[in-house]
Each structure stands twice: as C-alpha cells, then as structure tokens.
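Asker: So I've got this file, start-v3.csv, and it contains CSV, C-alpha atoms and all ligand atoms:
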```
chain,number,residue,atom,x,y,z
A,23,MET,CA,-24.2,14.4,-50.7
A,24,ALA,CA,-22.8,10.9,-50.9
A,25,THR,CA,-19.9,11.6,-48.6
A,26,SER,CA,-21.8,13.3,-45.8
A,27,PRO,CA,-22.8,10.1,-43.9
A,28,CYS,CA,-19.2,9.2,-43.5
A,29,ARG,CA,-18.3,12.4,-41.7
A,30,PRO,CA,-19.7,11.5,-38.2
A,31,ILE,CA,-17.9,8.2,-38.4
A,32,SER,CA,-14.6,9.6,-39.3
A,33,LEU,CA,-15.0,12.3,-36.7
A,34,PHE,CA,-15.8,9.6,-34.2
A,35,LEU,CA,-12.8,7.6,-35.3
A,36,ILE,CA,-10.5,10.6,-34.9
A,37,LEU,CA,-11.9,11.3,-31.5
A,38,PHE,CA,-11.6,7.7,-30.4
A,39,TRP,CA,-8.1,7.4,-31.7
A,40,GLY,CA,-7.1,10.6,-30.1
A,41,SER,CA,-8.5,9.6,-26.7
A,42,THR,CA,-6.8,6.2,-26.9
A,43,ILE,CA,-3.5,7.9,-27.3
A,44,LEU,CA,-4.3,10.3,-24.5
A,45,PHE,CA,-5.3,7.4,-22.3
A,46,LEU,CA,-2.1,5.4,-23.0
A,47,SER,CA,0.2,8.3,-22.5
A,48,SER,CA,-1.4,9.5,-19.2
A,49,SER,CA,-1.6,6.2,-17.3
A,50,ALA,CA,1.5,4.1,-17.0
A,51,GLU,CA,-0.3,1.7,-14.7
A,52,LEU,CA,1.3,-0.8,-12.3
A,53,GLN,CA,1.4,-4.2,-13.9
A,54,ARG,CA,-1.2,-6.4,-12.2
A,55,PHE,CA,-1.0,-10.1,-11.6
A,56,PRO,CA,-4.3,-11.8,-10.6
A,57,HIS,CA,-3.8,-14.5,-7.9
A,58,PRO,CA,-7.2,-15.9,-6.8
A,59,ALA,CA,-7.8,-16.9,-3.2
A,60,LYS,CA,-8.6,-20.5,-2.2
A,61,SER,CA,-12.1,-21.8,-2.8
A,62,ASP,CA,-12.7,-21.5,1.0
A,63,GLY,CA,-12.1,-17.8,0.7
A,64,SER,CA,-8.8,-17.7,2.4
A,65,LEU,CA,-5.3,-16.8,1.4
A,66,SER,CA,-2.1,-17.9,3.1
A,67,ILE,CA,1.3,-16.3,2.4
A,68,LEU,CA,4.8,-16.4,3.7
A,69,ALA,CA,7.1,-13.4,3.6
A,70,VAL,CA,10.9,-13.5,3.9
A,71,GLY,CA,13.7,-11.1,3.2
A,72,ASP,CA,17.4,-10.6,3.1
A,73,TRP,CA,18.2,-14.2,2.3
A,74,GLY,CA,20.4,-15.2,-0.7
A,75,ARG,CA,23.7,-16.5,0.9
A,76,ARG,CA,24.0,-20.0,-0.6
A,77,GLY,CA,22.5,-21.5,2.5
A,78,THR,CA,24.9,-20.0,5.0
A,79,TYR,CA,24.0,-17.9,8.1
A,80,ASN,CA,21.1,-20.3,8.7
A,81,GLN,CA,19.4,-19.6,5.4
A,82,THR,CA,18.9,-23.3,4.9
A,83,GLN,CA,17.4,-23.7,8.4
A,84,VAL,CA,15.0,-20.8,7.8
A,85,ALA,CA,14.1,-22.3,4.4
A,86,TYR,CA,13.4,-25.7,6.0
A,87,GLN,CA,11.0,-24.1,8.6
A,88,MET,CA,9.3,-22.1,5.9
A,89,GLY,CA,8.7,-25.3,4.1
A,90,ARG,CA,7.2,-26.9,7.2
A,91,ILE,CA,4.9,-23.9,8.1
A,92,GLY,CA,4.1,-23.5,4.4
A,93,GLU,CA,2.8,-27.0,4.4
A,94,GLU,CA,0.7,-26.5,7.5
A,95,LEU,CA,-0.9,-23.3,6.1
A,96,ASP,CA,-1.2,-24.6,2.6
A,97,ILE,CA,0.3,-21.4,1.3
A,98,ASP,CA,-0.7,-19.7,-1.9
A,99,PHE,CA,2.4,-17.8,-2.6
A,100,VAL,CA,5.6,-16.4,-1.1
A,101,ILE,CA,6.7,-12.8,-0.9
A,102,SER,CA,10.3,-11.8,-1.0
A,103,VAL,CA,10.9,-8.4,0.4
A,104,GLY,CA,14.3,-8.0,-1.3
A,105,ASP,CA,18.0,-8.3,-0.9
A,106,ASN,CA,17.6,-11.6,-2.8
A,107,PHE,CA,21.2,-12.2,-3.6
A,108,TYR,CA,24.2,-11.2,-1.5
A,109,GLU,CA,26.5,-9.4,-1.5
A,110,SER,CA,25.9,-7.7,-4.8
A,111,GLY,CA,22.8,-9.2,-6.5
A,112,LEU,CA,23.3,-11.3,-9.6
A,113,THR,CA,26.1,-10.7,-12.1
A,114,GLY,CA,23.8,-11.6,-14.9
A,115,VAL,CA,21.1,-14.1,-15.8
A,116,ASN,CA,23.7,-16.9,-15.9
A,117,ASP,CA,24.9,-16.2,-12.3
A,118,ILE,CA,25.0,-19.6,-10.5
A,119,ALA,CA,24.0,-17.8,-7.3
A,120,PHE,CA,20.4,-17.8,-8.6
A,121,ILE,CA,20.4,-21.7,-8.4
A,122,GLU,CA,22.6,-21.9,-5.3
A,123,SER,CA,20.8,-19.3,-3.2
A,124,PHE,CA,17.2,-19.8,-4.4
A,125,THR,CA,16.4,-23.0,-6.3
A,126,ASN,CA,18.6,-25.3,-4.2
A,127,ILE,CA,17.6,-23.8,-0.9
A,128,TYR,CA,13.8,-23.4,-1.0
A,129,THR,CA,13.3,-27.0,-1.9
A,130,ALA,CA,10.2,-27.9,0.2
A,131,LYS,CA,7.1,-29.0,-1.6
A,132,SER,CA,5.0,-26.3,-0.1
A,133,LEU,CA,7.4,-23.6,-1.4
A,134,GLN,CA,7.0,-24.7,-5.0
A,135,LYS,CA,4.6,-21.8,-5.5
A,136,GLN,CA,4.8,-18.5,-7.1
A,137,TRP,CA,7.3,-16.2,-5.5
A,138,TYR,CA,6.7,-12.4,-5.9
A,139,SER,CA,9.9,-10.4,-5.3
A,140,VAL,CA,11.1,-6.9,-5.1
A,141,LEU,CA,14.7,-5.7,-5.4
A,142,GLY,CA,16.7,-4.6,-2.3
A,143,ASN,CA,19.7,-2.3,-2.2
A,144,HIS,CA,22.1,-5.2,-2.4
A,145,ASP,CA,20.4,-6.4,-5.6
A,146,TYR,CA,21.0,-2.9,-7.1
A,147,ARG,CA,24.7,-3.4,-6.4
A,148,GLY,CA,24.8,-6.0,-9.0
A,149,ASN,CA,23.0,-6.4,-12.3
A,150,ALA,CA,19.5,-5.4,-11.2
A,151,VAL,CA,18.1,-5.7,-14.7
A,152,ALA,CA,19.1,-9.5,-14.7
A,153,GLN,CA,16.8,-10.3,-11.7
A,154,LEU,CA,13.9,-8.8,-13.6
A,155,ASP,CA,14.6,-10.9,-16.7
A,156,PRO,CA,11.8,-13.4,-17.5
A,157,VAL,CA,14.6,-15.7,-18.8
A,158,LEU,CA,15.1,-16.7,-15.1
A,159,GLN,CA,11.7,-18.3,-15.1
A,160,ILE,CA,13.1,-20.9,-17.5
A,161,LEU,CA,15.6,-21.8,-14.8
A,162,ASP,CA,13.0,-21.7,-12.0
A,163,SER,CA,9.4,-21.1,-12.9
A,164,ARG,CA,8.6,-19.8,-9.4
A,165,TRP,CA,10.6,-16.6,-9.9
A,166,LEU,CA,9.0,-13.3,-10.6
A,167,CYS,CA,10.8,-10.1,-9.7
A,168,MET,CA,9.7,-6.6,-10.8
A,169,ARG,CA,10.4,-3.1,-9.7
A,170,SER,CA,6.8,-2.0,-8.8
A,171,PHE,CA,3.7,-4.1,-9.5
A,172,MET,CA,0.6,-5.4,-7.9
A,173,VAL,CA,-0.9,-8.8,-7.0
A,174,ASP,CA,-4.6,-8.8,-7.1
A,175,ALA,CA,-6.2,-11.5,-4.9
A,176,GLU,CA,-9.6,-9.7,-5.0
A,177,PHE,CA,-10.4,-9.0,-1.3
A,178,ALA,CA,-6.6,-8.5,-0.7
A,179,GLN,CA,-4.4,-6.5,-2.9
A,180,PHE,CA,-0.6,-6.4,-2.7
A,181,PHE,CA,1.3,-3.3,-3.9
A,182,PHE,CA,5.0,-3.9,-4.5
A,183,VAL,CA,7.1,-0.8,-4.4
A,184,ASP,CA,10.7,-0.3,-5.6
A,185,THR,CA,12.1,1.5,-2.6
A,186,THR,CA,15.9,1.5,-3.2
A,187,PRO,CA,15.8,4.5,-5.6
A,188,PHE,CA,14.1,6.6,-2.9
A,189,VAL,CA,17.1,6.5,-0.6
A,190,GLU,CA,19.3,9.5,-1.4
A,191,LYS,CA,22.5,8.3,0.0
A,192,TYR,CA,22.7,5.5,-2.6
A,193,TRP,CA,22.9,8.2,-5.2
A,194,THR,CA,25.2,10.6,-3.5
A,195,HIS,CA,27.6,8.8,-1.2
A,196,PRO,CA,31.0,8.6,-2.8
A,197,LYS,CA,31.7,5.0,-1.8
A,198,ASP,CA,28.2,3.9,-2.8
A,199,ASN,CA,28.5,4.8,-6.5
A,200,HIS,CA,28.1,1.3,-7.9
A,201,TYR,CA,24.4,1.0,-8.1
A,202,ASP,CA,22.7,-0.3,-11.3
A,203,TRP,CA,20.5,2.7,-12.1
A,204,ARG,CA,19.8,1.6,-15.6
A,205,GLU,CA,16.1,2.1,-16.5
A,206,VAL,CA,15.8,4.2,-13.2
A,207,ALA,CA,17.9,7.4,-13.4
A,208,PRO,CA,17.1,10.2,-13.1
A,209,ARG,CA,15.9,9.7,-9.5
A,210,GLU,CA,13.4,12.5,-9.1
A,211,GLU,CA,11.5,11.5,-12.2
A,212,TYR,CA,11.5,7.9,-11.4
A,213,ILE,CA,10.2,8.4,-7.8
A,214,LYS,CA,7.5,10.7,-9.2
A,215,GLY,CA,6.3,7.9,-11.5
A,216,VAL,CA,6.3,5.3,-8.9
A,217,LEU,CA,4.3,7.4,-6.5
A,218,LYS,CA,1.8,8.4,-9.3
A,219,ASP,CA,1.2,4.8,-10.3
A,220,LEU,CA,0.9,3.7,-6.7
A,221,ASN,CA,-1.5,6.5,-6.0
A,222,SER,CA,-3.8,5.5,-8.9
A,223,ALA,CA,-3.7,1.8,-7.9
A,224,LEU,CA,-4.5,2.6,-4.3
A,225,ARG,CA,-7.2,5.1,-5.2
A,226,GLU,CA,-9.0,2.5,-7.4
A,227,SER,CA,-8.6,-0.4,-5.0
A,228,LEU,CA,-11.8,-1.8,-3.6
A,229,ALA,CA,-9.9,-4.5,-1.6
A,230,THR,CA,-10.7,-5.1,2.0
A,231,TRP,CA,-7.0,-5.6,2.7
A,232,LYS,CA,-4.5,-3.2,1.2
A,233,ILE,CA,-0.9,-4.5,1.7
A,234,VAL,CA,2.1,-2.6,0.6
A,235,ILE,CA,5.5,-4.3,0.2
A,236,GLY,CA,8.9,-2.7,-0.1
A,237,HIS,CA,12.5,-3.6,0.8
A,238,HIS,CA,13.2,-0.6,3.0
A,239,THR,CA,11.8,0.0,6.4
A,240,ILE,CA,9.4,2.9,7.1
A,241,ARG,CA,9.6,2.3,10.9
A,242,SER,CA,12.2,0.2,12.6
A,243,VAL,CA,14.0,-0.1,15.9
A,244,SER,CA,16.9,-2.1,14.5
A,245,GLU,CA,20.2,-1.2,12.8
A,246,HIS,CA,18.9,1.0,9.9
A,247,GLY,CA,16.0,2.6,11.7
A,248,ASP,CA,13.3,4.6,9.9
A,249,THR,CA,13.9,5.4,6.2
A,250,ILE,CA,13.3,9.1,6.2
A,251,GLU,CA,12.6,9.4,2.4
A,252,LEU,CA,9.8,6.8,2.8
A,253,VAL,CA,8.4,8.5,5.9
A,254,LYS,CA,8.2,11.7,4.0
A,255,LEU,CA,7.2,10.6,0.5
A,256,LEU,CA,5.4,7.2,0.8
A,257,LEU,CA,3.9,7.0,4.3
A,258,PRO,CA,1.4,9.9,3.9
A,259,MET,CA,-0.1,8.2,0.8
A,260,LEU,CA,-0.4,4.8,2.6
A,261,LYS,CA,-2.2,6.5,5.5
A,262,ALA,CA,-4.5,8.5,3.2
A,263,TYR,CA,-5.7,5.3,1.5
A,264,GLY,CA,-6.1,3.3,4.7
A,265,VAL,CA,-3.3,0.8,3.9
A,266,ASP,CA,-3.4,-2.0,6.5
A,267,LEU,CA,0.1,-3.4,6.4
A,268,TYR,CA,3.5,-2.3,5.2
A,269,ILE,CA,5.9,-5.3,4.9
A,270,ASN,CA,9.6,-4.8,4.5
A,271,GLY,CA,13.0,-6.3,5.0
A,272,HIS,CA,16.4,-4.4,5.1
A,273,ASP,CA,16.8,-4.7,8.8
A,274,HIS,CA,17.9,-8.3,9.5
A,275,CYS,CA,15.3,-9.1,12.2
A,276,LEU,CA,11.6,-9.5,12.8
A,277,GLU,CA,9.5,-6.7,14.1
A,278,HIS,CA,6.0,-5.3,14.4
A,279,ILE,CA,5.4,-1.6,15.0
A,280,SER,CA,1.9,0.0,15.1
A,281,SER,CA,1.3,3.5,13.8
A,282,THR,CA,0.0,5.7,16.6
A,283,ASP,CA,-2.2,7.9,14.4
A,284,SER,CA,-3.4,5.5,11.7
A,285,PRO,CA,-4.4,1.8,11.3
A,286,ILE,CA,-1.2,0.9,9.5
A,287,GLN,CA,1.0,-1.9,10.9
A,288,PHE,CA,4.7,-2.0,10.0
A,289,LEU,CA,6.1,-5.5,9.7
A,290,THR,CA,9.8,-6.3,9.2
A,291,SER,CA,10.6,-9.7,7.8
A,292,GLY,CA,14.3,-9.4,7.1
A,293,GLY,CA,15.5,-12.6,8.9
A,294,GLY,CA,16.1,-14.9,5.9
A,295,SER,CA,19.8,-15.4,6.7
A,296,LYS,CA,22.5,-13.3,8.4
A,297,ALA,CA,21.0,-11.7,11.5
A,298,TRP,CA,21.9,-10.8,15.1
A,299,ARG,CA,22.9,-7.1,14.9
A,300,GLY,CA,22.5,-6.3,18.6
A,301,ILE,CA,21.2,-2.8,17.9
A,302,PHE,CA,18.0,-1.3,19.3
A,303,THR,CA,16.8,2.2,18.9
A,304,PRO,CA,13.5,3.2,20.5
A,305,THR,CA,10.7,4.4,18.2
A,306,THR,CA,8.1,7.1,18.8
A,307,GLU,CA,5.4,4.7,17.4
A,308,LYS,CA,4.2,1.7,19.3
A,309,LEU,CA,6.6,-1.3,19.3
A,310,GLN,CA,4.6,-4.5,19.5
A,311,PHE,CA,7.3,-7.1,18.9
A,312,PHE,CA,11.0,-7.3,18.1
A,313,HIS,CA,13.2,-10.4,17.5
A,314,ASP,CA,16.8,-9.6,16.8
A,315,GLY,CA,17.4,-12.9,14.9
A,316,GLN,CA,16.4,-15.1,12.0
A,317,GLY,CA,13.0,-16.1,10.9
A,318,PHE,CA,10.0,-15.2,8.7
A,319,ILE,CA,6.3,-14.3,8.9
A,320,SER,CA,3.1,-15.9,7.7
A,321,LEU,CA,-0.1,-14.0,6.8
A,322,ARG,CA,-3.5,-15.7,6.6
A,323,LEU,CA,-6.3,-13.5,5.2
A,324,THR,CA,-10.0,-13.9,4.8
A,325,LYS,CA,-12.6,-11.2,3.8
A,326,THR,CA,-12.9,-10.3,7.4
A,327,ASP,CA,-9.8,-11.5,9.3
A,328,ALA,CA,-6.1,-11.3,9.1
A,329,GLU,CA,-3.6,-13.3,11.2
A,330,ILE,CA,0.1,-12.5,11.2
A,331,VAL,CA,2.5,-14.9,12.8
A,332,PHE,CA,6.2,-14.5,13.4
A,333,TYR,CA,8.5,-17.6,13.5
A,334,ASP,CA,12.1,-18.0,14.5
A,335,VAL,CA,14.9,-20.1,12.9
A,336,PHE,CA,13.5,-23.2,14.7
A,337,GLY,CA,10.0,-22.5,13.3
A,338,ARG,CA,8.8,-21.6,16.8
A,339,LEU,CA,5.8,-19.3,17.0
A,340,LEU,CA,7.1,-16.1,18.5
A,341,GLN,CA,4.2,-13.7,18.1
A,342,ARG,CA,0.6,-13.8,16.8
A,343,TRP,CA,-1.4,-10.7,15.8
A,344,ASN,CA,-5.0,-10.7,14.7
A,345,MET,CA,-7.0,-8.1,12.9
A,346,ASN,CA,-10.7,-8.0,12.1
A,347,LYS,CA,-12.7,-5.9,9.6
A,348,LEU,CA,-16.3,-6.8,10.8
A,349,LEU,CA,-16.4,-4.0,13.3
A,350,HIS,CA,-15.6,-1.4,10.6
A,351,THR,CA,-17.9,-2.9,8.1
A,352,PHE,CA,-21.1,-3.0,10.2
A,353,MET,CA,-20.6,0.0,12.5
B,401,LIG,C1,21.8,-20.0,13.6
B,401,LIG,O1,20.8,-20.1,14.6
B,401,LIG,C2,21.1,-20.4,15.9
B,401,LIG,C3,19.9,-20.5,16.7
B,401,LIG,O2,19.3,-19.2,16.8
B,401,LIG,C4,22.1,-19.4,16.5
B,401,LIG,O3,22.5,-19.8,17.7
B,401,LIG,C5,23.3,-19.3,15.5
B,401,LIG,O4,24.1,-18.3,16.0
B,401,LIG,C6,22.8,-19.0,14.1
B,401,LIG,N1,24.0,-18.9,13.2
B,401,LIG,C7,24.2,-17.8,12.5
B,401,LIG,C8,25.4,-17.9,11.7
B,401,LIG,O5,23.6,-16.8,12.5
```
Output the file's structure as structure tokens, nothing else.
Ligand SMILES: *[C@@H]1O[C@H](CO)[C@@H](O)[C@H](O)[C@H]1NC(C)=O

Answerer:
Amino acid sequence: MATSPCRPISLFLILFWGSTILFLSSSAELQRFPHPAKSDGSLSILAVGDWGRRGTYNQTQVAYQMGRIGEELDIDFVISVGDNFYESGLTGVNDIAFIESFTNIYTAKSLQKQWYSVLGNHDYRGNAVAQLDPVLQILDSRWLCMRSFMVDAEFAQFFFVDTTPFVEKYWTHPKDNHYDWREVAPREEYIKGVLKDLNSALRESLATWKIVIGHHTIRSVSEHGDTIELVKLLLPMLKAYGVDLYINGHDHCLEHISSTDSPIQFLTSGGGSKAWRGIFTPTTEKLQFFHDGQGFISLRLTKTDAEIVFYDVFGRLLQRWNMNKLLHTFM
C-alpha cells in the first residue's frame, strides 16, 4: 500500500529518461551560433574565399578594400568560404601561417569582427583538425572554423556545410591521397550525417533568408565548373527548402549564376588572393555576372530586402543585385 504512490513517478522517470536518451541519440543537430542583427533590423556581411597566402597575390590589397567597404557598411561579421591557408592548410595550431595569412593581413578596424569559416580542400591537405581547434581563438579571437554549423540571425539563417568530403576524387585519386580525413572517414556515413543534420535545420528554419555556405561550387563557369556530387546530393535539398543563396569559393573568381527552375542564386566569392585563370565554360543556368579576377562580395539584409554587391581588387563596385520578399509575403 505504502509503495503504490511511488509507482507512477518511477514509471514517469523511466519514460522520461528513456525518451531523453532516444532524443539525444536520434538528433545530432548542427551547432548553432546566435548572431543578432543590428537594432535597425539590418545585417551586413562580407564574404571572401581562397585567401591565405601571407599577403601575396594581392591578398593584402583585397584585405585593405574589405576593410574600407566593411567600414562603410558597418559589417556584423565576415564569412570565409574556405581554402583559408595555402597550399596545404595549417601544419598545426602553432603554424605561423595563421598569424601571417590571417591576423597580420585583415588588420582593418571594421574587420575586427567575428569570422565564420568553413574548410576548403586545401585546408584538408594539411592538419584540418588544427583549424577547428578553439585554441586558435586565443591567438585571434575572431577565428571560428567548424565543419558544419549554423549562424542564426533570426530573419536570416546561415547554414555552413563541409563540402570537401563530398568530392569523390579527393578520396580515390592516387596523387590526392594526402587529405586529413580524421573525424570524417568513412565518406558515405559522414555525408549522410551532414545531409541529415542540414535537412533538419532547414526544415525547422522560419527565417526569411536561408543562406547556405560551402567551399565548393554547385554551379560555376570557371576552372572547376559544377561540383557534380553537390548538384546530385545537396542541390535538391536546397531547392526543396527554398534556399535563397548558395555562397562558395573554390573557383578563384567572382560570379553570380541564377537557377533557371528555382529561386536559388549561386554566388562565388573565391577571389581572396591568387586569381586570373582565364577559363570560361558556359553554363546551362543563367549567368548574371562573372569576373575572372580578385575581389569579394558584400551582403546587406533586412527582413524584406537583400542586396548583394561584388567588388574588385580596387574596391570598385562591379555588380549589384537586389532581392525583395514583400511580393511573396503579401501576394
Ligand atoms: C593584382 O591586381 C592587379 C589589378 O587587377 C593585377 O593587374 C595584377 O596582376 C594582380 N596581381 C596578381 C599577382 O594577381
């Protein structure tokens, strides 16, 4: 008699405990970083890729112009789309390249903001794990690099995707067998996990602007062209969830391609240092803009509007693109 009132409680505890374990094991969520917009409801960002060359190949010039434009736009953060350190990432957390290619280059006041970075294929050629190590934040508090994660700015959400493991040739090509696949291999399982986490995050997203960032191109008219693994595995998901922008590097140029059968815009910002490849391959999608040279892009967002601007190595405005959500909201 005396023990009976305890039963429902212990049963509840067991159920609760059980469901907690189930919940934990079934949802390896993307790590989420809140980054509130400005009090005027806007958010300004710069995106740059393929940069770390100790200032050479115009990296310093691009950095200077980023500082100038960053000041003008009062930027909130910087996105690095990968290939952070050439030729082969960092050798370890003590690699001086981190200071020589990052801290000592992006010195402008406006660039002393949070940097959110993904890894590129060249980063995987070195010690990829080192770039993810929080110990680097002691050397430079701006640095944050993860494989896949999200930045939540309420009306705009940024989904960072680790694209290098998708590309099959990095795993199979005999002369390309020096990638740091620690914490990644085996490939199939890893990719499945990335896509599952991204799918959950996109499904739950209530943001007006959904922006996906990865190192590799989905669509490109430059040297590397389309990344077929991403066209096959990632693009259908981005289209299904109405993603607005996909921002990448990998091709060392600036480009804007519009999808012909969905609202997604493909933006390449891979002009952080070495550029000028002299290669152009037509695309079946709609090419809006292509600059085979150095530069970077800015993105200004409000709840209803987006403005994307491309700048060259002199900080000259090359192309402006505006998007508006009001029509969709009220029609
Ligand atoms: C640096 O930029 C200038 C101007 O676009 C260009 O003429 C020059 O070739 C660039 N240098 C390198 C090494 O890319």

Asker: Using only C-alpha atoms and all ligand atoms, I'd like a table of the residues in chain A that come within 7 Å of ligand LIG 401 (chain B); for each, show the closest atom pair and its distance in Å rounded to one decimal, ordered by chain and ascending number, as a tab-separated table.

Answerer:
```
residue	atom	partner	partner_atom	distance
A:Tyr79	CA	B:LIG401	C8	3.9
A:Asn80	CA	B:LIG401	C1	5.0
A:Lys296	CA	B:LIG401	O5	5.5
A:Ala297	CA	B:LIG401	O5	5.8
A:Trp298	CA	B:LIG401	O5	6.8
A:Gly315	CA	B:LIG401	O2	6.8
A:Gln316	CA	B:LIG401	O2	6.9
A:Val335	CA	B:LIG401	O2	5.9
```

Asker: For atom CA of A:Leu161 and atom CA of A:Asp117, quote the distance in Å rounded to one decimal.

Answerer: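 Going from atom CA of A:Leu161 over to atom CA of A:Asp117 covers 11.1 Å.
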
Asker: Considering all atoms listed in the file, state which residue in the set A:Asp202, A:Glu245, A:Asp105, A:Asp98 is at the smallest distance from A:Gly148.

Answerer: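 That would be A:Asp202, the residue with the smallest distance to A:Gly148.
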
Asker: So that I can check the surroundings of A:Arg299, please list as a ChimeraX atom specification every protein, DNA and RNA residue that reaches within 10 Å of it, counting only C-alpha atoms and ignoring chain neighbours fewer than 5 positions away.

Answerer: /A:244-245,273-275,314-315

Asker: Write out as JSON, numbers by chain the residues lying within 9 Å of stretch 224-238 of chain A, counting all atoms listed in the file and excluding same-chain residues fewer than 3 positions away.

Answerer: {"A": [71, 72, 101, 102, 103, 104, 105, 140, 141, 142, 143, 170, 174, 175, 176, 177, 178, 179, 180, 181, 182, 183, 184, 185, 186, 189, 219, 220, 221, 248, 249, 252, 259, 260, 263, 264, 265, 266, 267, 268, 269, 270, 271, 272, 273, 292, 323, 325, 326, 328, 347]}

Asker: Those same residues, written as a PDB file, keeping the file's coordinate frame with C-alpha atoms?

Answerer:
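Ended up saving to part11.pdb:
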```pdb
ATOM      1  CA  GLY A  71      13.700 -11.100   3.200  1.00  0.00           C
ATOM      2  CA  ASP A  72      17.400 -10.600   3.100  1.00  0.00           C
ATOM      3  CA  ILE A 101       6.700 -12.800  -0.900  1.00  0.00           C
ATOM      4  CA  SER A 102      10.300 -11.800  -1.000  1.00  0.00           C
ATOM      5  CA  VAL A 103      10.900  -8.400   0.400  1.00  0.00           C
ATOM      6  CA  GLY A 104      14.300  -8.000  -1.300  1.00  0.00           C
ATOM      7  CA  ASP A 105      18.000  -8.300  -0.900  1.00  0.00           C
ATOM      8  CA  VAL A 140      11.100  -6.900  -5.100  1.00  0.00           C
ATOM      9  CA  LEU A 141      14.700  -5.700  -5.400  1.00  0.00           C
ATOM     10  CA  GLY A 142      16.700  -4.600  -2.300  1.00  0.00           C
ATOM     11  CA  ASN A 143      19.700  -2.300  -2.200  1.00  0.00           C
ATOM     12  CA  SER A 170       6.800  -2.000  -8.800  1.00  0.00           C
ATOM     13  CA  ASP A 174      -4.600  -8.800  -7.100  1.00  0.00           C
ATOM     14  CA  ALA A 175      -6.200 -11.500  -4.900  1.00  0.00           C
ATOM     15  CA  GLU A 176      -9.600  -9.700  -5.000  1.00  0.00           C
ATOM     16  CA  PHE A 177     -10.400  -9.000  -1.300  1.00  0.00           C
ATOM     17  CA  ALA A 178      -6.600  -8.500  -0.700  1.00  0.00           C
ATOM     18  CA  GLN A 179      -4.400  -6.500  -2.900  1.00  0.00           C
ATOM     19  CA  PHE A 180      -0.600  -6.400  -2.700  1.00  0.00           C
ATOM     20  CA  PHE A 181       1.300  -3.300  -3.900  1.00  0.00           C
ATOM     21  CA  PHE A 182       5.000  -3.900  -4.500  1.00  0.00           C
ATOM     22  CA  VAL A 183       7.100  -0.800  -4.400  1.00  0.00           C
ATOM     23  CA  ASP A 184      10.700  -0.300  -5.600  1.00  0.00           C
ATOM     24  CA  THR A 185      12.100   1.500  -2.600  1.00  0.00           C
ATOM     25  CA  THR A 186      15.900   1.500  -3.200  1.00  0.00           C
ATOM     26  CA  VAL A 189      17.100   6.500  -0.600  1.00  0.00           C
ATOM     27  CA  ASP A 219       1.200   4.800 -10.300  1.00  0.00           C
ATOM     28  CA  LEU A 220       0.900   3.700  -6.700  1.00  0.00           C
ATOM     29  CA  ASN A 221      -1.500   6.500  -6.000  1.00  0.00           C
ATOM     30  CA  ASP A 248      13.300   4.600   9.900  1.00  0.00           C
ATOM     31  CA  THR A 249      13.900   5.400   6.200  1.00  0.00           C
ATOM     32  CA  LEU A 252       9.800   6.800   2.800  1.00  0.00           C
ATOM     33  CA  MET A 259      -0.100   8.200   0.800  1.00  0.00           C
ATOM     34  CA  LEU A 260      -0.400   4.800   2.600  1.00  0.00           C
ATOM     35  CA  TYR A 263      -5.700   5.300   1.500  1.00  0.00           C
ATOM     36  CA  GLY A 264      -6.100   3.300   4.700  1.00  0.00           C
ATOM     37  CA  VAL A 265      -3.300   0.800   3.900  1.00  0.00           C
ATOM     38  CA  ASP A 266      -3.400  -2.000   6.500  1.00  0.00           C
ATOM     39  CA  LEU A 267       0.100  -3.400   6.400  1.00  0.00           C
ATOM     40  CA  TYR A 268       3.500  -2.300   5.200  1.00  0.00           C
ATOM     41  CA  ILE A 269       5.900  -5.300   4.900  1.00  0.00           C
ATOM     42  CA  ASN A 270       9.600  -4.800   4.500  1.00  0.00           C
ATOM     43  CA  GLY A 271      13.000  -6.300   5.000  1.00  0.00           C
ATOM     44  CA  HIS A 272      16.400  -4.400   5.100  1.00  0.00           C
ATOM     45  CA  ASP A 273      16.800  -4.700   8.800  1.00  0.00           C
ATOM     46  CA  GLY A 292      14.300  -9.400   7.100  1.00  0.00           C
ATOM     47  CA  LEU A 323      -6.300 -13.500   5.200  1.00  0.00           C
ATOM     48  CA  LYS A 325     -12.600 -11.200   3.800  1.00  0.00           C
ATOM     49  CA  THR A 326     -12.900 -10.300   7.400  1.00  0.00           C
ATOM     50  CA  ALA A 328      -6.100 -11.300   9.100  1.00  0.00           C
ATOM     51  CA  LYS A 347     -12.700  -5.900   9.600  1.00  0.00           C
TER      52      LYS A 347
END
```

Asker: How many Å lie between atom CA of A:Ser132 and atom CA of A:Gly337, rounded to one decimal?

Answerer: 14.8 Å

Asker: Tell me which of A:Tyr212, A:Trp343, A:Phe311, A:Tyr108 sits closest to A:Glu329, counting all atoms listed in the file.

Answerer: A:Trp343

Asker: Calculated over all atoms listed in the file, which of the candidates A:Ala150, A:Leu133, A:Val331, A:Met172 has the smallest distance to A:Gly89?

Answerer: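 When distances to A:Gly89 are compared using all atoms listed in the file, the smallest one comes from A:Leu133.
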
Asker: So, with all atoms listed in the file as the atoms that count, which of A:Tyr201, A:Tyr333, A:Phe302, A:Phe171 lies closest to A:Gly111?

Answerer: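 Of A:Tyr201, A:Tyr333, A:Phe302, A:Phe171, the one nearest A:Gly111 is A:Tyr201, counting all atoms listed in the file.
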
Asker: Looking at A:Val115, A:Leu309, A:Ile91, A:Ile286, which one is nearest to A:Ile160, with distances taken over all atoms listed in the file?

Answerer: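 Of A:Val115, A:Leu309, A:Ile91, A:Ile286, the one nearest A:Ile160, counting all atoms listed in the file, is A:Val115.
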
Asker: Let me make sure I understand: among A:Asp145, A:Glu251, A:Glu51, A:Asp327, which one has the smallest atom-to-atom distance to A:Ser222 if we use only C-alpha atoms?

Answerer: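 Checking each candidate against A:Ser222, we get A:Glu51 as the closest.
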
Asker: Which residues are close to A:Phe318, i.e. within 7 Å by only C-alpha atoms, leaving aside same-chain residues fewer than 4 positions away? Reply as a PDB file with C-alpha atoms, in the frame of the given file.

Answerer:
```pdb
ATOM      1  CA  ALA A  69       7.100 -13.400   3.600  1.00  0.00           C
ATOM      2  CA  VAL A  70      10.900 -13.500   3.900  1.00  0.00           C
ATOM      3  CA  SER A 291      10.600  -9.700   7.800  1.00  0.00           C
ATOM      4  CA  GLY A 293      15.500 -12.600   8.900  1.00  0.00           C
ATOM      5  CA  GLY A 294      16.100 -14.900   5.900  1.00  0.00           C
ATOM      6  CA  PHE A 332       6.200 -14.500  13.400  1.00  0.00           C
ATOM      7  CA  TYR A 333       8.500 -17.600  13.500  1.00  0.00           C
ATOM      8  CA  ASP A 334      12.100 -18.000  14.500  1.00  0.00           C
TER       9      ASP A 334
END
```
